[in-house]
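> One file is attached below, model.cif, containing mmCIF, C-alpha atoms and all ligand atoms.
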```cif
data_work
loop_
_atom_site.label_atom_id
_atom_site.label_comp_id
_atom_site.auth_asym_id
_atom_site.auth_seq_id
_atom_site.Cartn_x
_atom_site.Cartn_y
_atom_site.Cartn_z
CA ARG P 118 -7.27 -71.52 3.54
CA GLY P 119 -9.11 -68.96 5.62
CA LEU P 120 -7.23 -66.22 3.80
CA SER P 121 -8.08 -67.43 0.31
CA ALA P 122 -11.69 -68.11 1.36
CA GLY P 123 -12.00 -64.48 2.46
CA GLU P 124 -12.91 -65.44 6.03
CA PHE P 125 -10.96 -62.59 7.63
CA PHE P 126 -12.51 -59.18 8.12
CA LEU P 127 -11.91 -56.05 10.16
CA MET P 128 -13.80 -54.56 13.04
CA PHE P 129 -13.07 -50.95 13.97
CA GLN P 130 -12.80 -49.42 17.43
CA PRO P 131 -13.35 -45.67 17.63
CA GLN P 132 -10.88 -43.30 19.28
CA VAL P 133 -11.88 -39.84 20.49
CA ASP P 134 -10.33 -36.62 21.73
CA ALA P 135 -10.20 -36.93 25.53
CA SER P 136 -11.40 -33.39 26.25
CA THR P 137 -14.07 -32.83 23.62
CA GLY P 138 -15.18 -36.32 22.59
CA SER P 139 -14.57 -35.37 18.96
CA PRO P 140 -13.91 -38.52 16.88
CA SER P 141 -10.23 -38.79 15.99
CA GLY P 142 -9.57 -42.23 14.54
CA VAL P 143 -10.33 -45.93 14.48
CA GLU P 144 -8.21 -49.00 15.21
CA ALA P 145 -8.59 -51.88 12.73
CA LEU P 146 -8.88 -55.22 14.54
CA LEU P 147 -8.84 -58.53 12.67
CA ARG P 148 -11.58 -61.12 13.07
CA TRP P 149 -11.85 -64.61 11.58
CA ARG P 150 -15.23 -65.98 10.61
CA HIS P 151 -14.30 -69.67 10.41
CA HIS P 152 -16.63 -71.72 8.19
CA THR P 153 -17.37 -74.28 10.94
CA ARG P 154 -16.11 -72.80 14.23
CA GLY P 155 -17.71 -69.41 13.82
CA LEU P 156 -16.03 -66.27 15.06
CA VAL P 157 -12.44 -66.83 16.25
CA SER P 158 -10.76 -64.08 18.29
CA PRO P 159 -7.34 -62.64 17.40
CA GLY P 160 -6.09 -63.84 20.80
CA GLU P 161 -6.39 -67.34 19.34
CA PHE P 162 -5.28 -66.97 15.73
CA ILE P 163 -2.67 -64.18 15.85
CA PRO P 164 -0.16 -66.21 17.94
CA VAL P 165 -0.56 -69.17 15.53
CA ALA P 166 -0.20 -66.88 12.52
CA GLU P 167 2.94 -65.43 14.09
CA GLU P 168 4.44 -68.84 14.75
CA THR P 169 3.81 -70.08 11.23
CA GLY P 170 4.77 -66.86 9.47
CA LEU P 171 1.25 -66.57 8.03
CA ILE P 172 0.98 -63.24 9.85
CA VAL P 173 2.89 -61.70 6.93
CA PRO P 174 0.15 -62.29 4.29
CA LEU P 175 -2.57 -61.89 6.94
CA GLY P 176 -1.20 -58.54 8.12
CA GLN P 177 -0.89 -57.45 4.49
CA ARG P 178 -4.55 -58.35 3.94
CA ALA P 179 -5.52 -56.32 7.04
CA LEU P 180 -3.65 -53.31 5.65
CA GLU P 181 -5.34 -53.64 2.26
CA MET P 182 -8.80 -53.96 3.80
CA ALA P 183 -8.15 -50.90 5.99
CA CYS P 184 -7.04 -48.78 3.01
CA GLU P 185 -10.02 -49.93 0.93
CA GLN P 186 -12.36 -49.13 3.81
CA PHE P 187 -10.84 -45.65 4.14
CA LYS P 188 -11.95 -44.90 0.57
CA LEU P 189 -15.51 -46.10 1.23
CA TRP P 190 -15.77 -43.90 4.33
CA GLN P 191 -14.42 -40.94 2.36
CA LEU P 192 -17.38 -41.28 -0.01
CA GLN P 193 -19.61 -40.92 3.07
CA ASP P 194 -17.65 -37.83 4.14
CA VAL P 195 -16.06 -39.62 7.07
CA HIS P 196 -12.37 -38.73 7.07
CA THR P 197 -10.80 -40.89 9.71
CA ARG P 198 -7.29 -41.90 10.58
CA ILE P 199 -6.96 -45.70 10.61
CA SER P 200 -4.55 -47.53 12.91
CA VAL P 201 -3.38 -50.95 11.75
CA ASN P 202 -1.51 -53.38 13.99
CA VAL P 203 1.85 -54.65 12.79
CA SER P 204 3.51 -57.83 13.95
CA ALA P 205 7.25 -58.39 14.56
CA ARG P 206 7.43 -60.88 11.71
CA GLN P 207 6.15 -58.25 9.29
CA LEU P 208 8.68 -55.69 10.48
CA GLN P 209 11.48 -58.18 9.90
CA ASP P 210 10.21 -59.26 6.48
CA PRO P 211 12.53 -57.78 3.82
CA HIS P 212 9.61 -57.06 1.46
CA TRP P 213 7.22 -55.55 4.00
CA LEU P 214 8.16 -51.90 3.52
CA GLU P 215 7.80 -52.28 -0.22
CA SER P 216 4.35 -53.85 0.14
CA VAL P 217 3.16 -51.06 2.48
CA ASP P 218 4.33 -48.50 -0.07
CA GLU P 219 2.71 -50.41 -2.93
CA THR P 220 -0.59 -50.72 -1.01
CA ILE P 221 -0.64 -47.00 -0.24
CA GLN P 222 -0.02 -46.15 -3.91
CA ARG P 223 -2.50 -48.65 -5.32
CA THR P 224 -5.37 -47.75 -2.99
CA GLY P 225 -4.67 -44.02 -2.99
CA MET P 226 -4.51 -44.03 0.83
CA PRO P 227 -3.19 -40.66 2.06
CA PRO P 228 -0.20 -41.74 4.20
CA HIS P 229 -0.93 -39.22 6.97
CA TYR P 230 -4.29 -40.94 7.58
CA LEU P 231 -2.51 -44.25 8.11
CA ASP P 232 -1.10 -45.06 11.53
CA LEU P 233 0.82 -48.24 12.26
CA GLU P 234 0.77 -49.70 15.77
CA ILE P 235 3.93 -51.40 16.84
CA THR P 236 4.34 -53.22 20.14
CA GLU P 237 7.37 -52.28 22.16
CA SER P 238 8.51 -55.89 22.58
CA MET P 239 9.27 -55.92 18.84
CA LEU P 240 11.92 -53.31 19.32
CA VAL P 241 13.92 -55.13 21.94
CA GLY P 242 17.51 -55.32 20.83
CA ASN P 243 16.91 -52.41 18.46
CA PRO P 244 18.08 -54.09 15.28
CA GLN P 245 19.28 -51.34 13.00
CA LYS P 246 17.21 -52.66 10.12
CA VAL P 247 13.93 -52.28 12.03
CA MET P 248 14.91 -48.73 13.00
CA ASP P 249 15.66 -47.87 9.36
CA THR P 250 12.32 -49.34 8.27
CA LEU P 251 10.43 -47.23 10.83
CA ASP P 252 12.38 -44.13 9.79
CA THR P 253 11.44 -44.67 6.16
CA LEU P 254 7.75 -45.06 7.08
CA GLY P 255 7.95 -41.80 9.03
CA GLN P 256 9.44 -40.08 5.98
CA MET P 257 6.61 -41.43 3.84
CA GLY P 258 4.18 -39.60 6.13
CA VAL P 259 2.79 -42.65 7.92
CA THR P 260 2.47 -42.11 11.68
CA LEU P 261 3.66 -44.65 14.22
CA THR P 262 2.13 -45.58 17.56
CA LEU P 263 3.93 -47.51 20.26
CA ASP P 264 1.23 -50.01 21.36
CA ASP P 265 0.78 -51.66 24.78
CA PHE P 266 3.29 -49.26 26.35
CA GLY P 267 4.29 -50.21 29.88
CA THR P 268 3.91 -53.97 29.51
CA GLY P 269 7.32 -54.90 28.11
CA TYR P 270 10.71 -53.44 28.81
CA SER P 271 9.51 -49.87 28.31
CA SER P 272 13.00 -48.89 27.28
CA LEU P 273 13.24 -45.13 27.14
CA SER P 274 16.08 -45.22 24.64
CA TYR P 275 13.91 -46.09 21.64
CA LEU P 276 11.57 -43.26 22.47
CA THR P 277 14.40 -40.90 21.58
CA ARG P 278 15.60 -42.87 18.58
CA LEU P 279 12.43 -43.84 16.75
CA PRO P 280 9.93 -41.58 15.02
CA PHE P 281 6.90 -42.39 17.17
CA HIS P 282 4.07 -39.92 17.00
CA THR P 283 1.95 -41.46 19.76
CA ILE P 284 2.37 -43.66 22.81
CA LYS P 285 -0.55 -45.92 23.63
CA ILE P 286 -0.71 -46.67 27.34
CA ASP P 287 -1.67 -50.27 27.97
CA ARG P 288 -5.06 -51.19 29.34
CA SER P 289 -3.52 -52.77 32.48
CA PHE P 290 -2.52 -49.27 33.69
CA ILE P 291 -5.90 -47.77 32.91
CA GLN P 292 -7.72 -50.59 34.74
CA HIS P 293 -6.08 -49.60 38.02
CA ILE P 294 -5.67 -45.89 37.34
CA ASP P 295 -7.59 -45.05 40.52
CA GLU P 296 -4.66 -46.50 42.51
CA LYS P 297 -1.85 -44.08 43.27
CA PRO P 298 1.16 -46.11 42.00
CA ARG P 299 -0.32 -46.68 38.50
CA ARG P 300 -1.52 -43.11 38.33
CA SER P 301 1.99 -41.88 39.15
CA ILE P 302 3.48 -44.03 36.40
CA VAL P 303 0.95 -42.83 33.85
CA GLN P 304 1.65 -39.25 34.91
CA ALA P 305 5.38 -39.82 34.34
CA ILE P 306 4.81 -41.47 30.92
CA VAL P 307 2.65 -38.52 29.87
CA ALA P 308 5.36 -36.06 30.96
CA ILE P 309 8.08 -37.92 29.03
CA ALA P 310 5.93 -38.24 25.91
CA HIS P 311 4.97 -34.59 25.91
CA SER P 312 8.50 -33.36 26.43
CA LEU P 313 9.52 -35.46 23.42
CA GLY P 314 6.67 -33.99 21.35
CA MET P 315 4.58 -37.17 21.32
CA ARG P 316 0.90 -37.64 21.96
CA ILE P 317 -0.70 -40.05 24.41
CA ILE P 318 -3.65 -42.33 23.84
CA ALA P 319 -5.15 -44.32 26.71
CA GLU P 320 -6.40 -47.79 25.76
CA GLY P 321 -9.12 -49.76 27.53
CA VAL P 322 -11.03 -46.88 29.14
CA GLU P 323 -14.19 -48.48 30.54
CA THR P 324 -15.61 -46.04 33.10
CA PRO P 325 -16.31 -42.31 33.44
CA LEU P 326 -13.88 -42.20 36.38
CA GLN P 327 -11.06 -43.66 34.28
CA LEU P 328 -11.85 -41.16 31.54
CA SER P 329 -11.75 -38.18 33.85
CA ILE P 330 -8.47 -39.31 35.47
CA VAL P 331 -6.62 -39.92 32.19
CA ARG P 332 -7.92 -36.66 30.78
CA ASP P 333 -6.75 -34.75 33.85
CA LEU P 334 -3.35 -36.41 33.52
CA GLY P 335 -3.09 -34.94 30.01
CA CYS P 336 -3.87 -37.90 27.71
CA GLU P 337 -4.95 -36.48 24.35
CA GLU P 338 -7.04 -39.38 23.14
CA ILE P 339 -8.95 -42.33 24.53
CA GLN P 340 -10.15 -45.68 23.25
CA GLY P 341 -12.15 -48.23 25.13
CA PHE P 342 -15.53 -49.78 25.86
CA TYR P 343 -16.68 -46.57 27.58
CA ILE P 344 -16.64 -44.89 24.15
CA SER P 345 -17.37 -47.94 22.00
CA LYS P 346 -16.51 -51.59 21.54
CA PRO P 347 -15.00 -52.56 18.18
CA ILE P 348 -17.85 -52.29 15.65
CA GLU P 349 -18.43 -53.31 12.04
CA ALA P 350 -17.33 -51.01 9.24
CA GLN P 351 -20.92 -50.03 8.33
CA ALA P 352 -21.56 -48.88 11.90
CA ILE P 353 -18.73 -46.35 11.87
CA GLU P 354 -20.45 -43.74 9.69
CA PRO P 355 -23.55 -43.37 11.95
CA TRP P 356 -21.35 -43.50 15.06
CA TRP P 357 -19.12 -40.76 13.64
CA ARG P 358 -22.07 -38.45 12.92
CA MET P 359 -23.62 -39.07 16.33
CA GLN P 360 -20.30 -38.40 18.05
CA LEU P 361 -19.79 -35.16 16.06
CA GLY P 362 -23.22 -34.09 17.25
CA ASN P 363 -22.16 -34.75 20.86
CA VAL P 364 -18.83 -32.93 20.79
CA GLY P 365 -18.28 -31.18 24.08
CA VAL P 366 -20.63 -33.50 25.96
CA MET P 367 -18.09 -35.52 27.95
CA VAL P 368 -18.40 -36.38 31.62
CA ASN P 369 -16.63 -34.25 34.21
P1 LIG Z 401 -4.42 -54.41 20.71
O1 LIG Z 401 -3.79 -53.91 19.45
O2 LIG Z 401 -3.84 -53.91 21.99
O3 LIG Z 401 -5.97 -54.07 20.58
C1 LIG Z 401 -6.77 -53.69 21.63
C2 LIG Z 401 -7.58 -54.86 22.17
O4 LIG Z 401 -8.22 -54.44 23.37
C3 LIG Z 401 -8.71 -55.28 21.24
O5 LIG Z 401 -8.89 -56.68 21.40
C4 LIG Z 401 -9.91 -54.54 21.80
O6 LIG Z 401 -11.14 -55.14 21.50
C5 LIG Z 401 -9.62 -54.61 23.29
N1 LIG Z 401 -10.25 -53.52 24.02
C6 LIG Z 401 -10.41 -52.25 23.60
N2 LIG Z 401 -11.02 -51.49 24.53
C7 LIG Z 401 -11.23 -52.29 25.59
C8 LIG Z 401 -11.83 -52.08 26.90
O7 LIG Z 401 -12.28 -51.00 27.25
N3 LIG Z 401 -11.85 -53.15 27.73
C9 LIG Z 401 -11.37 -54.36 27.38
N4 LIG Z 401 -11.48 -55.34 28.27
N5 LIG Z 401 -10.81 -54.61 26.17
C10 LIG Z 401 -10.73 -53.58 25.28
P2 LIG Z 401 -8.94 -57.69 20.17
O8 LIG Z 401 -9.70 -57.07 19.04
O9 LIG Z 401 -9.39 -59.01 20.71
O10 LIG Z 401 -7.44 -57.77 19.71
C11 LIG Z 401 -6.46 -58.37 20.52
C12 LIG Z 401 -5.08 -58.18 19.96
O11 LIG Z 401 -4.91 -58.93 18.73
C13 LIG Z 401 -4.75 -56.75 19.60
O12 LIG Z 401 -4.40 -56.04 20.76
C14 LIG Z 401 -3.58 -56.96 18.66
O13 LIG Z 401 -2.38 -57.17 19.37
C15 LIG Z 401 -3.95 -58.27 17.96
N6 LIG Z 401 -4.48 -57.93 16.63
C16 LIG Z 401 -5.74 -57.63 16.24
N7 LIG Z 401 -5.78 -57.37 14.92
C17 LIG Z 401 -4.50 -57.49 14.46
C18 LIG Z 401 -3.86 -57.32 13.17
O14 LIG Z 401 -4.47 -56.96 12.16
N8 LIG Z 401 -2.51 -57.56 13.11
C19 LIG Z 401 -1.78 -57.93 14.21
N9 LIG Z 401 -0.45 -58.15 14.06
N10 LIG Z 401 -2.34 -58.06 15.42
C20 LIG Z 401 -3.67 -57.85 15.55
MG MG Z 402 -3.29 -52.13 18.82
MG MG Z 403 -2.82 -52.39 22.70
#
```
For the structure just supplied, provide its representation as structure tokens.

Amino acid sequence: RGLSAGEFFLMFQPQVDASTGSPSGVEALLRWRHHTRGLVSPGEFIPVAEETGLIVPLGQRALEMACEQFKLWQLQDVHTRISVNVSARQLQDPHWLESVDETIQRTGMPPHYLDLEITESMLVGNPQKVMDTLDTLGQMGVTLTLDDFGTGYSSLSYLTRLPFHTIKIDRSFIQHIDEKPRRSIVQAIVAIAHSLGMRIIAEGVETPLQLSIVRDLGCEEIQGFYISKPIEAQAIEPWWRMQLGNVGVMVN
């Protein structure tokens, strides 16, 4: 009902280059404005949507809204990569790949501006079909990010077998990055990613200290409250311009 009533919308969280602060992308995050309950967080509705299978049409709607938003930003001369989260149920849906392709064609979304975030727990067991789907997306020019890295099995084998462009280090590592054991693990993840030709984005950066540590460890991009909370689509254009004006002004 919420879907057909148009109660779902996207918020966008900016991502920036860790050394210069230059804006690099946004992550699309679903929100539900329920007609009586008000704003419901994805932590509440995504698990239910996953259980019921409704995540398939909901995730499709998120992708469509992201591609439509891309076009509106282009008119404002904001050319930003958009990352969209994908759920396991979508990956396993036999028609998903087709609907991604159809959405890209219909909206005119340039595939290299679209990034799909996939959580590592979805890859457990490595079903061949999922691997083929991800390969096809890579061939279409869509980039893939391994989300929440470090929280699941962190199997190194799929890093070599799947066409990931970026590894997103989970917030739980960044939170305690000032402690030696976490820092060592992040350092090792960065080394592995770089030697495989992948980029690193640190998620959940909240303080200048965390920023300077992850940057010194070689993370290319950062996302987190220190840069910006998720904001409404209309707020991205002014943020983008302000951030462009501040390039180079990052803390030491
Ligand atoms: P995620 O993909 O790992 O998204 C990052 C979450 O971390 C977002 O929460 C964001 O608001 C939060 N966050 C970002 N920076 C910081 C920070 O510095 N500090 C703290 N404390 N939190 C930060 P949000 O928007 O509540 O989303 C939660 C999760 O819901 C997402 O985690 C994602 O797994 C899921 N989700 C959201 N939208 C979608 C969607 O369209 N499809 C699917 N399948 N899942 C979605
Ligand atoms: Mg994500
Ligand atoms: Mg994440």
> Residues of range 225-316 of chain P that have any atom at most 12 Å from an atom of range 341-349 of chain P: could you tabulate them with the shortest-distance atom pair and the distance in Å to one decimal, using all atoms listed in the file, ordered by chain and increasing number, as a tab-separated table?

```
residue	atom	partner	partner_atom	distance
P:Lys285	CA	P:Gly341	CA	11.9
P:Ile286	CA	P:Gly341	CA	11.8
P:Asp287	CA	P:Gly341	CA	11.0
P:Arg288	CA	P:Gly341	CA	8.8
P:Ile291	CA	P:Gly341	CA	10.0
P:Gln292	CA	P:Gly341	CA	10.8
```
> To one decimal place, how far is CA of Trp213 in chain P from CA of Glu234 in chain P in Å?
14.6 Å
> Could you list the protein, DNA and RNA residues that have any atom within 12 Å of ligand MG 403 (chain Z), counting all atoms listed in the file, and write them as a ChimeraX atom specification?
/P:130,144-146,200-203,233-238,262-269,284-291,318-322,339-341
> Given only C-alpha atoms as the basis, pick out the residue of P:Leu171, P:Gly255, P:Arg118, P:Glu215 nearest to His151 in chain P.
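Of P:Leu171, P:Gly255, P:Arg118, P:Glu215, the one nearest His151 in chain P, counting only C-alpha atoms, is P:Arg118.
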> Give me the residues near Glu219 in chain P as a PDB file with C-alpha atoms, keeping the file's coordinate frame, where near means some atom within 12 Å (using all atoms listed in the file) and where sequence neighbours in that chain fewer than 4 positions away do not count.

```
ATOM      1  CA  GLN P 177      -0.890 -57.450   4.490  1.00  0.00           C
ATOM      2  CA  LEU P 180      -3.650 -53.310   5.650  1.00  0.00           C
ATOM      3  CA  GLU P 181      -5.340 -53.640   2.260  1.00  0.00           C
ATOM      4  CA  CYS P 184      -7.040 -48.780   3.010  1.00  0.00           C
ATOM      5  CA  HIS P 212       9.610 -57.060   1.460  1.00  0.00           C
ATOM      6  CA  TRP P 213       7.220 -55.550   4.000  1.00  0.00           C
ATOM      7  CA  LEU P 214       8.160 -51.900   3.520  1.00  0.00           C
ATOM      8  CA  GLU P 215       7.800 -52.280  -0.220  1.00  0.00           C
ATOM      9  CA  ARG P 223      -2.500 -48.650  -5.320  1.00  0.00           C
ATOM     10  CA  THR P 224      -5.370 -47.750  -2.990  1.00  0.00           C
ATOM     11  CA  GLY P 225      -4.670 -44.020  -2.990  1.00  0.00           C
ATOM     12  CA  MET P 226      -4.510 -44.030   0.830  1.00  0.00           C
ATOM     13  CA  PRO P 228      -0.200 -41.740   4.200  1.00  0.00           C
ATOM     14  CA  MET P 257       6.610 -41.430   3.840  1.00  0.00           C
TER      15      MET P 257
END
```
> In Å to one decimal, how far is CA of Trp357 in chain P from CA of His196 in chain P?
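So the two atoms, CA of His196 in chain P and CA of Trp357 in chain P, lie 9.6 Å apart.
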> Which one of P:Pro164, P:Pro325, P:Gly335, P:Pro159 sits closest to Asp134 in chain P if you count all atoms listed in the file?
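Closest residue, counting all atoms listed in the file: P:Gly335.
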> List the neighbours of Ser312 in chain P out to 12 Å using only C-alpha atoms; skip same-chain residues closer than 5 positions along the sequence, and give me the result as a list in words.
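Here the answer would be Leu276, Thr277, Ala305, Ile306, Val307 and Ile317 of chain P.
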> For Gln304 in chain P, which residue out of P:Met239, P:Ile330, P:Leu279, P:Val364 is the nearest one, using only C-alpha atoms?
P:Ile330
> What is the distance between atom O13 of ligand LIG 401 (chain Z) and CA of Tyr275 in chain P, in Å to one decimal?
19.8 Å
> Given all atoms listed in the file as the basis, pick out the residue of P:Leu147, P:Ile221, P:Leu328, P:Leu251 nearest to ligand MG 402 (chain Z).
P:Leu147
> List the residues sitting within 12 Å of (-13.2, -34.0, 8.0) in the file's frame, using all atoms listed in the file, as a list in words.
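Those residues, ordered by chain and then number, are Ser139, Pro140, Ser141, Gly142, Trp190, Gln191, Leu192, Gln193, Asp194, Val195, His196, Thr197, Arg198, Tyr230, Trp357, Arg358 and Leu361 of chain P.
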